[in-house]
Amino acid sequence: MSLRHYETMVIVKPTLTDEEKEAIIDNIKKVISDFKGEVVAVDNIGVRELAYPIEKFERGHYYIIYYKAPAEAVIELERQLRYNEEVLRFMTVKYETKKDIKRWEEMAKNV
């Protein structure tokens with residue numbers, strides 16, 4: 001089971017309390033660690049304007065999680081995010097080439 005480099009961006013509702021946002025991020029970390037993955041960095045970007053309204057929200061709180069994990073962890077993570085009503089959108093990117101992985105390491109280091 002090889003660990004691959006991933007980045008998942010999550011947009012949560014801006015009306016959540018800090019504790020609720022922290023619980024969502026902690027759950028993401030738990031799913032990754034349950035599959036023997038490693039969270040390298042979490043970038044809290046903050047509240048930003050959305051390109052278009054989602055569920056009547058015009059703003060969202062953005063997080064980017066950089067991690068190494070097997071593919072099964074990503075499948076489970078996306079399944080849980082899909083059913084979480086507090087998550088407006090999410091997107092996962094896999095880094096495969098040496099050039100991409102080097103860029104991933106730079107981004108994760110700068111968080």
# chains A, B, ... in the order shown; residues from 1 in each chain; ligands from 1
$ select_by_dssp --residues "range 11-99 of chain A" --states "strand (DSSP E or B)" --output "ChimeraX atom specification"
/A:11-12,38-54,57-69,87-95
$ closest_atom_pairs --of "range 33-92 of chain A" --to "range 12-18 of chain A" --cutoff "6 Å" --atoms "only C-alpha atoms" --output "CSV"
residue,atom,partner,partner_atom,distance
A:Gly60,CA,A:Pro14,CA,5.0
A:His61,CA,A:Val12,CA,5.2
A:Glu86,CA,A:Val12,CA,5.8
A:Val87,CA,A:Val12,CA,4.4
A:Leu88,CA,A:Val12,CA,5.3
$ atom_distance --atom1 "CA of Tyr66 in chain A" --atom2 "CA of Val42 in chain A"
6.3 Å
$ residues_around --residues "range 95-103 of chain A" --least-positions-apart "6" --cutoff "9 Å" --atoms "only C-alpha atoms" --output "MDAnalysis selection string"
chainID A and resid 4:7
$ atom_distance --atom1 "CA of Ala51 in chain A" --atom2 "CA of Glu78 in chain A"
22.0 Å
$ residues_around --residues "Ile25 in chain A" --least-positions-apart "6" --cutoff "10 Å" --atoms "only C-alpha atoms" --output "PyMOL selection string"
chain A and resi 10+19+42+63-65
